[in-house]
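S.K.: After the structure tokens below, expect a handful of questions from me.
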Amino acid sequence: VNPAHKILFAVLLIAFYPTTVALLHGQDSVLSAFLMAAAFAGLKRKREAAAGIVLALGLYKPQLVLPLAGLLFLKRRWRAVLGFGAAASVLGIISLAIVGWSGLTEYFQLLSWMDRTHYTIVPANMANIRGAAETLLGFGPASQTTKLILLLICISFYAWLVLLWKGDWDPNKPRFDLAFSHMIVASLLLSYHLYVHDLILLVISLVLMTNDVLLARTQAALVRPAFLALLLTFYCPFAALWLLKKELFAWVAVALIGFALVLAKEISERNKRERQMEQCVV
């Protein structure tokens with residue numbers, strides 16, 4: 001990230017509505033964003049084992065870190081996978097020692113009860129695929145049909161994510177930053193559980209894409225104006241407040257999907273240009 005724009009990037013973080021919610025409510029989503037950013041920095045600096053360890057520290061919200069962990073496994077980044085697995089095992093043993101098997105069983109029973117009763121869980125205010133499916137498409141909550149459809153959609157979406165990472169693993173290329181940004185957006189959309197303050201992770205993707213635009217790296221047609229339009233949408237706090245009040249915040253998932261498409265378009269264009277250059281060299 002260009003340090004000349006650090007003030008702008010700080011504003012993007014502070015002015016983001018989910019950041020305000022996370023700070024006001026004292027939520028650990030701030031820590032989740034920090035750990036994800038640290039994992040990204042570790043991968044960029046080729047300290048993959050450290051990146052895996054840092055990523056595992058975010059397992060208190062597994063839905064936000066497992067997509068990246070799975071990607072690291074599929075891309076055979078074994079040092080990162082080993083670091084993640086070792087840290088996750090240590091954390092699991094410590095947790096089990098504290099609560100015991102009975103505590104673990106009760107925890108999963110509590111999660112199941114919360115999901116069935118929608119206790120503190122409002123899918124209509126989840127800006128993810130689940131919220132969009134249950135609210136915008138009219139799928140019934142907690143039905144077997146809904147869960148099956150959501151599972152198929154999520155598997156397809158994750159396959160799309162992995163496909164965008166096809167090719168060599170080179171953290172030095174700007175394409176890596178965009179692919180990581182896409183991975184974060186996809187993780188938020190794939191999560192079964194997503195509160196408003198969890199969207200603070202989106203700031204990482206917004207900062208990386210903004211940096212790309214400011215450096216005039218974008219190559220695909222209409223990517224820049226489309227991203228700027230999305231940026232204005234994300235930074236409209238009054239709209240966010242209104243959507244939350246009306247329990248329509250799931251509509252934000254449409255903007256997230258749009259952002260994922262914009263990133264995918266630019267990544268595909270970069271991949272195409274790289275292949276053309278390689279053919280010219282040959």
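By order of appearance in the structure tokens: chains A, B, ..., then residues from 1 within every chain, and ligands from 1 in the order shown.
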What's around A:Ala260 at 12 Å? Count only C-alpha atoms, leave out sequence neighbours fewer than 2 positions away in its own chain, and write the answer as number ranges by chain.
M.R.: A: 157-158, 160-161, 164, 178-190, 202, 205-206, 209, 223, 226-227, 230, 253-258, 262-267
S.K.: Check stretch 159-216 of chain A with DSSP on the backbone and list each residue it calls alpha helix (DSSP H), as a ChimeraX atom specification.
M.R.: /A:159-164,174-190,202-214
S.K.: Could you pull the residues within 10 Å of A:Ala15, counting only C-alpha atoms, minus those fewer than 5 positions along the same chain, as a list in words?
M.R.: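 Near A:Ala15, the qualifying residues are Phe9, Ala10, Thr20, Tyr235, Cys236 and Pro237 of chain A.
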S.K.: Looking at A:Trp251, A:Tyr195, A:Phe176, A:Trp242, which one is nearest to A:Pro18, with distances taken over only C-alpha atoms?
M.R.: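 Ranking A:Trp251, A:Tyr195, A:Phe176, A:Trp242 by distance to A:Pro18, first place goes to A:Tyr195.
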S.K.: Need to verify the contact set: stretch 69-75 of chain A, 12 Å, only C-alpha atoms, exclusion of same-chain residues closer than 6 positions in sequence. Can you return it as a tab-separated table (two decimals) with N, CA, C and O atoms, in the first residue's frame?
M.R.:
```tsv
chain	number	residue	atom	x	y	z
A	36	MET	N	-6.56	-10.45	10.35
A	36	MET	CA	-6.61	-10.70	8.91
A	36	MET	C	-5.58	-9.84	8.18
A	36	MET	O	-4.90	-10.31	7.25
A	39	ALA	N	-2.21	-11.34	8.83
A	39	ALA	CA	-2.01	-12.54	8.02
A	39	ALA	C	-1.65	-12.14	6.59
A	39	ALA	O	-0.76	-12.75	5.96
A	40	PHE	N	-2.31	-11.13	6.05
A	40	PHE	CA	-2.00	-10.63	4.71
A	40	PHE	C	-0.57	-10.11	4.65
A	40	PHE	O	0.17	-10.41	3.70
A	43	LEU	N	1.88	-13.01	4.58
A	43	LEU	CA	1.94	-13.66	3.26
A	43	LEU	C	2.70	-12.79	2.26
A	43	LEU	O	3.46	-13.30	1.43
A	48	GLU	N	5.15	-17.22	5.80
A	48	GLU	CA	3.90	-17.97	5.71
A	48	GLU	C	3.54	-18.68	7.01
A	48	GLU	O	2.37	-18.78	7.37
A	49	ALA	N	4.54	-19.22	7.71
A	49	ALA	CA	4.26	-19.90	8.97
A	49	ALA	C	3.65	-18.92	9.98
A	49	ALA	O	2.66	-19.23	10.67
A	51	ALA	N	2.07	-16.18	9.24
A	51	ALA	CA	0.74	-15.81	8.74
A	51	ALA	C	-0.29	-16.86	9.14
A	51	ALA	O	-1.41	-16.51	9.54
A	52	GLY	N	0.09	-18.14	9.06
A	52	GLY	CA	-0.83	-19.21	9.46
A	52	GLY	C	-1.15	-19.16	10.94
A	52	GLY	O	-2.31	-19.36	11.34
A	53	ILE	N	-0.15	-18.88	11.76
A	53	ILE	CA	-0.36	-18.80	13.21
A	53	ILE	C	-1.30	-17.64	13.55
A	53	ILE	O	-2.25	-17.80	14.34
A	54	VAL	N	-1.03	-16.49	12.95
A	54	VAL	CA	-1.88	-15.31	13.19
A	54	VAL	C	-3.31	-15.57	12.76
A	54	VAL	O	-4.27	-15.20	13.45
A	55	LEU	N	-3.46	-16.23	11.61
A	55	LEU	CA	-4.80	-16.53	11.11
A	55	LEU	C	-5.56	-17.43	12.08
A	55	LEU	O	-6.76	-17.23	12.31
A	56	ALA	N	-4.87	-18.40	12.66
A	56	ALA	CA	-5.52	-19.32	13.61
A	56	ALA	C	-6.01	-18.60	14.86
A	56	ALA	O	-6.98	-19.05	15.49
A	57	LEU	N	-5.38	-17.50	15.22
A	57	LEU	CA	-5.81	-16.74	16.40
A	57	LEU	C	-7.21	-16.16	16.21
A	57	LEU	O	-7.85	-15.77	17.19
A	58	GLY	N	-7.68	-16.10	14.97
A	58	GLY	CA	-9.02	-15.58	14.71
A	58	GLY	C	-10.09	-16.65	14.68
A	58	GLY	O	-11.23	-16.37	14.27
A	59	LEU	N	-9.77	-17.85	15.15
A	59	LEU	CA	-10.73	-18.96	15.09
A	59	LEU	C	-11.90	-18.81	16.05
A	59	LEU	O	-12.80	-19.65	16.05
A	62	PRO	N	-14.70	-18.71	13.39
A	62	PRO	CA	-14.13	-19.59	12.35
A	62	PRO	C	-14.65	-19.30	10.94
A	62	PRO	O	-13.94	-19.51	9.96
A	63	GLN	N	-15.89	-18.81	10.84
A	63	GLN	CA	-16.47	-18.57	9.51
A	63	GLN	C	-15.72	-17.50	8.73
A	63	GLN	O	-15.81	-17.44	7.50
A	81	VAL	N	-0.06	-23.63	6.25
A	81	VAL	CA	-0.99	-24.65	6.74
A	81	VAL	C	-0.49	-25.26	8.04
A	81	VAL	O	-1.26	-25.47	8.99
A	82	LEU	N	0.82	-25.53	8.10
A	82	LEU	CA	1.40	-26.10	9.32
A	82	LEU	C	1.29	-25.12	10.48
A	82	LEU	O	0.93	-25.51	11.61
A	83	GLY	N	1.58	-23.84	10.23
A	83	GLY	CA	1.46	-22.83	11.28
A	83	GLY	C	0.03	-22.71	11.77
A	83	GLY	O	-0.23	-22.62	12.98
A	84	PHE	N	-0.91	-22.72	10.82
A	84	PHE	CA	-2.33	-22.63	11.18
A	84	PHE	C	-2.75	-23.86	11.99
A	84	PHE	O	-3.41	-23.73	13.04
A	85	GLY	N	-2.38	-25.04	11.51
A	85	GLY	CA	-2.78	-26.27	12.20
A	85	GLY	C	-2.19	-26.38	13.59
A	85	GLY	O	-2.88	-26.79	14.54
A	88	ALA	N	-3.92	-23.77	15.84
A	88	ALA	CA	-5.31	-24.19	16.07
A	88	ALA	C	-5.36	-25.35	17.07
A	88	ALA	O	-6.25	-25.39	17.93
A	158	TYR	N	-17.38	-20.64	-3.49
A	158	TYR	CA	-16.01	-20.91	-3.03
A	158	TYR	C	-15.17	-21.46	-4.18
A	158	TYR	O	-13.97	-21.14	-4.30
A	159	ALA	N	-15.78	-22.28	-5.03
A	159	ALA	CA	-15.07	-22.80	-6.21
A	159	ALA	C	-14.65	-21.65	-7.12
A	159	ALA	O	-13.55	-21.66	-7.69
A	160	TRP	N	-15.51	-20.67	-7.25
A	160	TRP	CA	-15.20	-19.47	-8.04
A	160	TRP	C	-14.01	-18.73	-7.43
A	160	TRP	O	-13.11	-18.29	-8.13
A	161	LEU	N	-14.01	-18.61	-6.11
A	161	LEU	CA	-12.91	-17.95	-5.40
A	161	LEU	C	-11.59	-18.65	-5.70
A	161	LEU	O	-10.58	-18.01	-6.03
A	162	VAL	N	-11.59	-19.97	-5.58
A	162	VAL	CA	-10.36	-20.76	-5.81
A	162	VAL	C	-9.90	-20.61	-7.25
A	162	VAL	O	-8.69	-20.51	-7.53
A	163	LEU	N	-10.85	-20.58	-8.17
A	163	LEU	CA	-10.51	-20.47	-9.59
A	163	LEU	C	-9.76	-19.17	-9.89
A	163	LEU	O	-8.86	-19.14	-10.75
A	164	LEU	N	-10.11	-18.10	-9.20
A	164	LEU	CA	-9.44	-16.82	-9.41
A	164	LEU	C	-7.99	-16.84	-8.94
A	164	LEU	O	-7.19	-15.98	-9.32
A	165	TRP	N	-7.64	-17.81	-8.09
A	165	TRP	CA	-6.27	-17.94	-7.60
A	165	TRP	C	-5.46	-18.89	-8.49
A	165	TRP	O	-4.32	-19.24	-8.15
A	166	LYS	N	-6.03	-19.31	-9.60
A	166	LYS	CA	-5.34	-20.23	-10.49
A	166	LYS	C	-4.06	-19.58	-11.02
A	166	LYS	O	-4.04	-18.41	-11.39
A	167	GLY	N	-3.00	-20.35	-11.07
A	167	GLY	CA	-1.73	-19.82	-11.53
A	167	GLY	C	-0.70	-19.78	-10.41
A	167	GLY	O	-0.89	-20.38	-9.35
A	168	ASP	N	0.40	-19.08	-10.67
A	168	ASP	CA	1.48	-19.06	-9.69
A	168	ASP	C	1.11	-18.22	-8.48
A	168	ASP	O	0.27	-17.34	-8.55
A	169	TRP	N	1.75	-18.53	-7.35
A	169	TRP	CA	1.56	-17.80	-6.10
A	169	TRP	C	2.69	-16.79	-5.98
A	169	TRP	O	3.82	-17.14	-5.66
A	170	ASP	N	2.41	-15.53	-6.27
A	170	ASP	CA	3.45	-14.50	-6.23
A	170	ASP	C	2.93	-13.29	-5.46
A	170	ASP	O	2.24	-12.43	-6.02
A	179	ALA	N	-6.65	-10.50	-5.38
A	179	ALA	CA	-7.17	-11.83	-5.09
A	179	ALA	C	-7.44	-11.98	-3.59
A	179	ALA	O	-8.44	-12.59	-3.19
A	180	PHE	N	-6.57	-11.42	-2.76
A	180	PHE	CA	-6.78	-11.47	-1.31
A	180	PHE	C	-8.02	-10.65	-0.94
A	180	PHE	O	-8.81	-11.05	-0.08
A	183	MET	N	-10.97	-12.64	-1.71
A	183	MET	CA	-11.14	-13.70	-0.73
A	183	MET	C	-11.86	-13.20	0.52
A	183	MET	O	-12.73	-13.88	1.07
A	184	ILE	N	-11.53	-11.99	0.97
A	184	ILE	CA	-12.19	-11.42	2.15
A	184	ILE	C	-13.67	-11.18	1.87
A	184	ILE	O	-14.55	-11.52	2.69
A	186	ALA	N	-15.52	-12.67	-0.33
A	186	ALA	CA	-16.16	-13.97	-0.45
A	186	ALA	C	-16.38	-14.60	0.92
A	186	ALA	O	-17.42	-15.22	1.18
A	187	SER	N	-15.41	-14.45	1.83
A	187	SER	CA	-15.55	-15.00	3.18
A	187	SER	C	-16.73	-14.39	3.91
A	187	SER	O	-17.48	-15.10	4.61
```
S.K.: Which residue out of A:Arg76, A:His5, A:Leu64, A:Trp101 has the minimum interatomic distance to A:Ile200 when only C-alpha atoms are used?
M.R.: A:Leu64
S.K.: Atom CA of A:Ser268 and atom CA of A:Arg175 are how many Å apart?
M.R.: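 A separation of 9.4 Å between them.
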S.K.: Quick one: everything within 10 Å of A:Asp198, counting only C-alpha atoms, minus sequence neighbours fewer than 5 positions away in the same chain. Send it as JSON, numbers by chain.
M.R.: {"A": [18, 19, 21, 22, 27, 28, 29, 30, 32, 33, 61, 64, 126, 127, 188, 193]}
